[in-house]
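Source file: model.pdb. Holds: PDB, C-alpha atoms.
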```pdb
ATOM      1  CA  ASP A 257      -6.030  15.675  -7.019
ATOM      2  CA  LEU A 258      -2.310  15.800  -6.390
ATOM      3  CA  ASN A 259      -1.269  16.896  -2.919
ATOM      4  CA  LYS A 260       1.103  19.836  -3.362
ATOM      5  CA  LEU A 261       1.558  20.698   0.316
ATOM      6  CA  ASN A 262       3.989  17.963   1.323
ATOM      7  CA  PHE A 263       6.063  19.921   3.825
ATOM      8  CA  ALA A 264       9.221  17.936   4.640
ATOM      9  CA  PRO A 265      11.574  19.859   6.952
ATOM     10  CA  ARG A 266      14.886  18.603   8.394
ATOM     11  CA  LEU A 267      16.466  19.788  11.618
ATOM     12  CA  GLY A 268      19.620  18.513  13.314
ATOM     13  CA  PHE A 269      22.163  19.561  15.908
ATOM     14  CA  ALA A 270      25.459  18.454  17.495
ATOM     15  CA  TRP A 271      26.730  19.847  20.812
ATOM     16  CA  ASP A 272      29.958  19.492  22.808
ATOM     17  CA  PRO A 273      28.703  20.246  26.348
ATOM     18  CA  PHE A 274      32.119  20.153  28.075
ATOM     19  CA  LYS A 275      34.153  21.831  25.310
ATOM     20  CA  SER A 276      36.660  18.986  25.524
ATOM     21  CA  GLY A 277      36.146  17.358  22.138
ATOM     22  CA  LYS A 278      35.390  14.049  23.855
ATOM     23  CA  THR A 279      31.626  14.289  24.351
ATOM     24  CA  SER A 280      28.935  14.755  21.734
ATOM     25  CA  VAL A 281      25.204  15.186  22.132
ATOM     26  CA  ARG A 282      23.332  15.090  18.828
ATOM     27  CA  GLY A 283      19.811  14.827  17.559
ATOM     28  CA  GLY A 284      17.555  15.413  14.641
ATOM     29  CA  PHE A 285      14.006  15.474  13.307
ATOM     30  CA  GLY A 286      12.621  15.078   9.829
ATOM     31  CA  ILE A 287       9.432  14.425   7.882
ATOM     32  CA  PHE A 288       9.816  12.052   4.928
ATOM     33  CA  ASN A 289       7.227  11.483   2.186
ATOM     34  CA  ASN A 290       6.748   8.326   0.152
ATOM     35  CA  ASN A 291       4.898   7.994  -3.155
ATOM     36  CA  TYR A 292       2.039   5.907  -4.501
ATOM     37  CA  LEU A 293       2.641   2.512  -6.023
ATOM     38  CA  GLY A 294       2.088   2.877  -9.743
ATOM     39  CA  ASN A 295      -0.708   4.812 -11.404
ATOM     40  CA  ALA A 296      -3.739   4.675  -9.110
ATOM     41  CA  ALA A 297      -6.340   5.473 -11.762
ATOM     42  CA  LEU A 298      -5.021   2.904 -14.249
ATOM     43  CA  MET A 299      -4.758   0.286 -11.522
ATOM     44  CA  ALA A 300      -8.345   0.774 -10.403
ATOM     45  CA  SER A 301      -9.693   0.585 -13.948
ATOM     46  CA  TYR A 302      -7.673  -2.565 -14.640
ATOM     47  CA  LEU A 303      -8.816  -4.325 -11.473
ATOM     48  CA  ASP A 304     -12.468  -3.490 -12.097
ATOM     49  CA  LYS A 305     -12.337  -5.165 -15.514
ATOM     50  CA  ARG A 306     -11.617  -8.529 -13.917
ATOM     51  CA  ARG A 307     -14.548 -10.868 -13.288
ATOM     52  CA  SER A 308     -14.763 -13.788 -10.876
ATOM     53  CA  VAL A 309     -16.847 -16.880 -11.695
ATOM     54  CA  LEU A 310     -17.665 -19.668  -9.222
ATOM     55  CA  ILE A 311     -18.631 -23.021 -10.777
ATOM     56  CA  PHE A 312     -20.294 -25.863  -8.886
ATOM     57  CA  SER A 313     -19.460 -29.436 -10.035
ATOM     58  CA  PRO A 314     -17.230 -28.300 -12.915
ATOM     59  CA  GLY A 315     -16.465 -30.515 -15.862
ATOM     60  CA  TYR A 316     -13.016 -31.424 -17.093
ATOM     61  CA  PRO A 317     -11.118 -30.127 -18.945
ATOM     62  CA  ASN A 318     -13.764 -27.518 -19.734
ATOM     63  CA  PRO A 319     -15.301 -26.500 -16.399
ATOM     64  CA  PHE A 320     -18.356 -25.014 -18.170
ATOM     65  CA  SER A 321     -19.209 -28.343 -19.894
ATOM     66  CA  GLU A 322     -20.931 -29.776 -16.828
ATOM     67  CA  GLY A 323     -20.600 -27.090 -14.196
ATOM     68  CA  ILE A 324     -23.225 -24.729 -12.888
ATOM     69  CA  PRO A 325     -21.970 -21.113 -12.824
ATOM     70  CA  ALA A 326     -23.047 -19.226  -9.738
ATOM     71  CA  ASP A 327     -24.182 -15.633  -9.944
ATOM     72  CA  LEU A 328     -21.654 -13.683  -7.900
ATOM     73  CA  PRO A 329     -22.224 -10.077  -6.895
ATOM     74  CA  VAL A 330     -19.949  -7.645  -8.691
ATOM     75  CA  ASP A 331     -16.834  -6.515  -6.852
ATOM     76  CA  ALA A 332     -15.623  -2.940  -7.042
ATOM     77  CA  ARG A 333     -12.397  -1.114  -6.255
ATOM     78  CA  THR A 334     -11.956   2.514  -5.439
ATOM     79  CA  PHE A 335      -9.393   4.894  -4.020
ATOM     80  CA  GLN A 336      -9.667   7.228  -1.079
ATOM     81  CA  PRO A 337     -10.650  10.709  -2.318
ATOM     82  CA  ASN A 338      -7.749  13.179  -2.178
ATOM     83  CA  GLN A 339      -5.550  10.398  -0.846
ATOM     84  CA  PRO A 340      -2.594  11.809   1.134
ATOM     85  CA  LEU A 341       0.945  10.592   0.571
ATOM     86  CA  PRO A 342       2.411   8.088   3.027
ATOM     87  CA  ARG A 343       4.919   9.754   5.334
ATOM     88  CA  SER A 344       7.092   9.170   8.374
ATOM     89  CA  TYR A 345       8.134  11.400  11.250
ATOM     90  CA  ILE A 346      11.622  10.502  12.499
ATOM     91  CA  PHE A 347      13.212  11.759  15.718
ATOM     92  CA  THR A 348      16.682  10.854  17.022
ATOM     93  CA  LEU A 349      18.647  11.798  20.117
ATOM     94  CA  GLY A 350      22.117  10.443  20.853
ATOM     95  CA  PHE A 351      25.132  10.660  23.127
ATOM     96  CA  GLN A 352      28.754   9.710  22.433
ATOM     97  CA  ARG A 353      31.727   9.808  24.786
ATOM     98  CA  GLU A 354      35.406   9.004  24.413
ATOM     99  CA  ILE A 355      36.568   7.087  27.488
ATOM    100  CA  ARG A 356      39.929   5.796  28.687
ATOM    101  CA  GLY A 357      42.142   4.189  26.096
ATOM    102  CA  GLY A 358      40.499   5.922  23.170
ATOM    103  CA  TRP A 359      37.338   3.811  23.310
ATOM    104  CA  LEU A 360      34.090   5.413  22.132
ATOM    105  CA  VAL A 361      30.751   4.568  23.734
ATOM    106  CA  SER A 362      27.501   5.799  22.241
ATOM    107  CA  ALA A 363      23.761   5.446  22.700
ATOM    108  CA  ASP A 364      21.083   6.689  20.321
ATOM    109  CA  TYR A 365      17.306   6.713  20.633
ATOM    110  CA  VAL A 366      15.275   6.544  17.409
ATOM    111  CA  ASN A 367      11.525   7.079  17.151
ATOM    112  CA  THR A 368       9.770   6.714  13.803
ATOM    113  CA  LYS A 369       6.044   7.156  13.314
ATOM    114  CA  GLY A 370       4.566   6.099   9.962
ATOM    115  CA  ARG A 371       1.342   7.781   8.924
ATOM    116  CA  ASN A 372      -0.992   7.584   5.913
ATOM    117  CA  LEU A 373       0.297   4.100   5.069
ATOM    118  CA  ILE A 374      -1.401   2.449   2.101
ATOM    119  CA  ARG A 375      -3.734  -0.441   2.873
ATOM    120  CA  ILE A 376      -6.853  -2.090   1.465
ATOM    121  CA  VAL A 377     -10.101  -2.071   3.436
ATOM    122  CA  ASP A 378     -13.369  -3.754   2.428
ATOM    123  CA  LEU A 379     -16.144  -1.180   2.840
ATOM    124  CA  ASN A 380     -18.772  -3.918   2.399
ATOM    125  CA  PRO A 381     -17.604  -6.508   4.940
ATOM    126  CA  ILE A 382     -19.249  -9.767   5.949
ATOM    127  CA  VAL A 383     -21.013  -9.254   9.288
ATOM    128  CA  PRO A 384     -21.761 -11.944  11.883
ATOM    129  CA  PRO A 385     -23.850 -13.644  13.168
ATOM    130  CA  ASP A 386     -25.517 -14.223   9.773
ATOM    131  CA  PHE A 387     -22.248 -13.696   7.889
ATOM    132  CA  VAL A 388     -23.782 -11.687   5.081
ATOM    133  CA  ARG A 389     -22.444  -8.481   3.619
ATOM    134  CA  VAL A 390     -23.637  -5.071   4.713
ATOM    135  CA  ASP A 391     -25.036  -4.698   1.186
ATOM    136  CA  PRO A 392     -25.840  -8.280   0.045
ATOM    137  CA  SER A 393     -26.445  -7.102  -3.527
ATOM    138  CA  ARG A 394     -22.769  -6.244  -3.902
ATOM    139  CA  GLY A 395     -19.543  -8.140  -3.455
ATOM    140  CA  TYR A 396     -16.247  -6.785  -2.207
ATOM    141  CA  LEU A 397     -15.958  -3.026  -2.144
ATOM    142  CA  TRP A 398     -12.207  -2.645  -1.767
ATOM    143  CA  GLN A 399     -10.898   0.814  -0.994
ATOM    144  CA  ILE A 400      -7.196   1.511  -1.364
ATOM    145  CA  ALA A 401      -6.607   4.168   1.250
ATOM    146  CA  SER A 402      -3.787   5.921   3.087
ATOM    147  CA  THR A 403      -5.177   5.194   6.555
ATOM    148  CA  GLY A 404      -2.605   2.815   8.054
ATOM    149  CA  PHE A 405      -0.012   3.731  10.660
ATOM    150  CA  SER A 406       3.075   2.316  12.367
ATOM    151  CA  SER A 407       5.456   3.000  15.233
ATOM    152  CA  TYR A 408       9.139   2.117  15.692
ATOM    153  CA  ARG A 409      11.205   2.774  18.801
ATOM    154  CA  GLY A 410      14.835   1.746  19.083
ATOM    155  CA  LEU A 411      17.806   2.107  21.387
ATOM    156  CA  LEU A 412      21.157   1.701  19.607
ATOM    157  CA  VAL A 413      24.276   1.252  21.746
ATOM    158  CA  SER A 414      27.842   0.724  20.540
ATOM    159  CA  LEU A 415      31.431   0.442  21.689
ATOM    160  CA  GLU A 416      34.319   1.014  19.279
ATOM    161  CA  LYS A 417      38.008   1.807  19.040
ATOM    162  CA  ARG A 418      40.235   2.766  16.117
ATOM    163  CA  PHE A 419      43.702   1.293  16.683
ATOM    164  CA  SER A 420      45.153   2.588  13.426
ATOM    165  CA  ARG A 421      44.143   3.717   9.984
ATOM    166  CA  TRP A 422      43.494   0.114   8.987
ATOM    167  CA  VAL A 423      42.400  -1.544  12.248
ATOM    168  CA  HIS A 424      39.030  -0.729  13.729
ATOM    169  CA  LEU A 425      37.199  -2.779  16.377
ATOM    170  CA  GLY A 426      33.583  -2.255  17.295
ATOM    171  CA  GLY A 427      30.406  -3.862  18.551
ATOM    172  CA  SER A 428      26.811  -2.722  18.646
ATOM    173  CA  TYR A 429      23.390  -3.799  19.889
ATOM    174  CA  THR A 430      19.886  -2.619  19.053
ATOM    175  CA  LEU A 431      16.866  -2.975  21.323
ATOM    176  CA  SER A 432      13.734  -2.077  19.409
ATOM    177  CA  THR A 433      10.021  -2.604  18.907
ATOM    178  CA  TYR A 434       7.956  -2.140  15.752
ATOM    179  CA  LYS A 435       4.175  -2.195  15.440
ATOM    180  CA  THR A 436       1.917  -1.488  12.473
ATOM    181  CA  THR A 437      -1.650  -1.834  11.208
ATOM    182  CA  ASN A 438      -0.506  -3.342   7.925
ATOM    183  CA  GLU A 439       2.540  -5.488   7.345
ATOM    184  CA  ALA A 440       3.031  -4.266   3.782
ATOM    185  CA  GLU A 441       1.309  -2.079   1.257
ATOM    186  CA  PHE A 442      -1.764  -3.697  -0.304
ATOM    187  CA  THR A 443      -2.447  -6.259   2.398
ATOM    188  CA  TYR A 444      -5.822  -7.387   3.703
ATOM    189  CA  HIS A 445      -7.148  -7.332   7.242
ATOM    190  CA  GLN A 446      -8.727  -9.953   9.431
ATOM    191  CA  GLU A 447     -11.576  -7.600  10.381
ATOM    192  CA  ASP A 448     -12.508  -4.903   7.891
ATOM    193  CA  ARG A 449     -15.108  -3.328  10.160
ATOM    194  CA  THR A 450     -12.334  -2.340  12.583
ATOM    195  CA  PRO A 451      -9.106  -2.391  10.520
ATOM    196  CA  ASN A 452      -7.107  -0.586  13.212
ATOM    197  CA  GLU A 453      -7.434  -3.675  15.411
ATOM    198  CA  SER A 454      -4.819  -5.209  13.113
ATOM    199  CA  TYR A 455      -2.269  -3.037  14.935
ATOM    200  CA  GLY A 456       0.430  -5.290  16.346
ATOM    201  CA  TYR A 457       4.025  -6.422  16.040
ATOM    202  CA  GLY A 458       5.372  -6.301  12.494
ATOM    203  CA  GLU A 459       7.768  -8.570  10.666
ATOM    204  CA  HIS A 460      10.573  -6.045  11.179
ATOM    205  CA  ASP A 461      10.184  -6.047  14.955
TER
END
```
Can you present the structure in this file as structure tokens?
Amino acid sequence: DLNKLNFAPRLGFAWDPFKSGKTSVRGGFGIFNNNYLGNAALMASYLDKRRSVLIFSPGYPNPFSEGIPADLPVDARTFQPNQPLPRSYIFTLGFQREIRGGWLVSADYVNTKGRNLIRIVDLNPIVPPDFVRVDPSRGYLWQIASTGFSSYRGLLVSLEKRFSRWVHLGGSYTLSTYKTTNEAEFTYHQEDRTPNESYGYGEHD
């Protein structure tokens, strides 16, 4: 069922605390929704029509001419029931001040929390010490679910000066950290029994 309660408010402010026109305190908050990748129902039906065959000692060029096909358990793919949309909660708070000589210094804090991120989890994982599946009669039981999450925190500082209409000098630096349970949508995990243990630094850190 489609989720029709995707509340996405925006709130922002800017404040001149000294009434001098040289200092600005600003901030904002917003909730942002993403969408699904493609048509979930069509994707699941397409993936479930694929069949994997393992052949021992295959022949060449026809692997079935001498090979021995192995009976592999059937894989299955499903989607999380009433899957929520991926979303992010973004909060910013910043300060800017004009100092001597017309230079502007600013610092902004940004906090972004990603929730309901799309990832794939095997609901029938291989379990040690025997390394057999929870249900040995079945193969992979992939579930595409909106259960991932991420966190970004950043401090943005800058120094700039406008000498004229055409000449502008500035420099900036960002100190940030980014962690997530899944590097990208539709990625697999090293341990499907505890997928949240994949939480760690992301490629965009």
Residue nearest A:Tyr292 - candidates A:Ile374, A:Val330, A:Leu425, A:Leu360, atoms counted: all atoms listed in the file: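 Looking at the shortest contact to A:Tyr292, the residue is A:Ile374.
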For A:Asp327, which residue among A:Thr279, A:Asn295, A:Thr430, A:Ser393 is the nearest when counting all atoms listed in the file?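 Looking at the shortest contact to A:Asp327, the residue is A:Ser393.
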As a check of understanding, name the residues that the PyMOL selection byres ((chain A and resi 285-291) around 12) selects in the supplied structure, as a CSV table (one decimal) with C-alpha atoms, keeping the file's coordinate frame.
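Now in selection-v7.csv:
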```
chain,number,residue,atom,x,y,z
A,258,LEU,CA,-2.3,15.8,-6.4
A,259,ASN,CA,-1.3,16.9,-2.9
A,260,LYS,CA,1.1,19.8,-3.4
A,261,LEU,CA,1.6,20.7,0.3
A,262,ASN,CA,4.0,18.0,1.3
A,263,PHE,CA,6.1,19.9,3.8
A,264,ALA,CA,9.2,17.9,4.6
A,265,PRO,CA,11.6,19.9,7.0
A,266,ARG,CA,14.9,18.6,8.4
A,267,LEU,CA,16.5,19.8,11.6
A,268,GLY,CA,19.6,18.5,13.3
A,269,PHE,CA,22.2,19.6,15.9
A,282,ARG,CA,23.3,15.1,18.8
A,283,GLY,CA,19.8,14.8,17.6
A,284,GLY,CA,17.6,15.4,14.6
A,292,TYR,CA,2.0,5.9,-4.5
A,293,LEU,CA,2.6,2.5,-6.0
A,294,GLY,CA,2.1,2.9,-9.7
A,295,ASN,CA,-0.7,4.8,-11.4
A,296,ALA,CA,-3.7,4.7,-9.1
A,339,GLN,CA,-5.6,10.4,-0.8
A,340,PRO,CA,-2.6,11.8,1.1
A,341,LEU,CA,0.9,10.6,0.6
A,342,PRO,CA,2.4,8.1,3.0
A,343,ARG,CA,4.9,9.8,5.3
A,344,SER,CA,7.1,9.2,8.4
A,345,TYR,CA,8.1,11.4,11.2
A,346,ILE,CA,11.6,10.5,12.5
A,347,PHE,CA,13.2,11.8,15.7
A,348,THR,CA,16.7,10.9,17.0
A,349,LEU,CA,18.6,11.8,20.1
A,365,TYR,CA,17.3,6.7,20.6
A,366,VAL,CA,15.3,6.5,17.4
A,367,ASN,CA,11.5,7.1,17.2
A,368,THR,CA,9.8,6.7,13.8
A,369,LYS,CA,6.0,7.2,13.3
A,370,GLY,CA,4.6,6.1,10.0
A,371,ARG,CA,1.3,7.8,8.9
A,372,ASN,CA,-1.0,7.6,5.9
A,373,LEU,CA,0.3,4.1,5.1
A,374,ILE,CA,-1.4,2.4,2.1
A,402,SER,CA,-3.8,5.9,3.1
A,441,GLU,CA,1.3,-2.1,1.3
```
For the atom pair atom CA of A:Arg389 and atom CA of A:Asp331, what is the interatomic distance in Å to one decimal place?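 These atoms are spaced 12.0 Å apart.
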List the residues matched by the PyMOL selection byres ((chain A and resi 380) around 7) in the displayed structure as JSON, numbers by chain, ordered by chain and then by residue number. {"A": [378, 379, 381, 382, 389, 390, 391, 396, 397]}
Target residues per the PyMOL selection byres ((chain A and resi 409-419) around 9), formatted as a ChimeraX atom specification: /A:350,357-369,407-408,420-434
Calculate how many Å separate atom CA of A:Asp386 from atom CA of A:Gly404, rounding to one decimal.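 Separation between atom CA of A:Asp386 and atom CA of A:Gly404: 28.6 Å.
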Where is the centre and how long are the edges: axis-aligned box on stretch 327-340 of chain A, 5 Å on each side, Å to one decimal, as AutoDock Vina command-line options:
```
--center_x -13.4 --center_y -1.2 --center_z -4.4 --size_x 31.6 --size_y 38.8 --size_z 21.1
```
Quick one, how far is atom CA of A:Pro392 from atom CA of A:Ile324?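 About the pair atom CA of A:Pro392 and atom CA of A:Ile324: they are 21.1 Å apart.
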From the options A:Ser454, A:Ser406, A:Gln399, A:Gln352, which residue's atoms come nearest to A:Ala270, counting only C-alpha atoms?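 Answer, going by the shortest atom-to-atom distance: A:Gln352.
Shortest atom-to-atom contact with A:Met299 among A:Phe405, A:Val388, A:Ile400, A:Pro319: A:Ile400, counting all atoms listed in the file.
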So, with only C-alpha atoms as the atoms that count, which of A:Val281, A:Ala401, A:Val309, A:Ile376 lies closest to A:Glu447? A:Ile376
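For the choices A:Arg356, A:Pro337, A:Pro385, A:Pro317, the atom-to-atom distance to A:Thr403 is smallest for A:Pro337 when using all atoms listed in the file.
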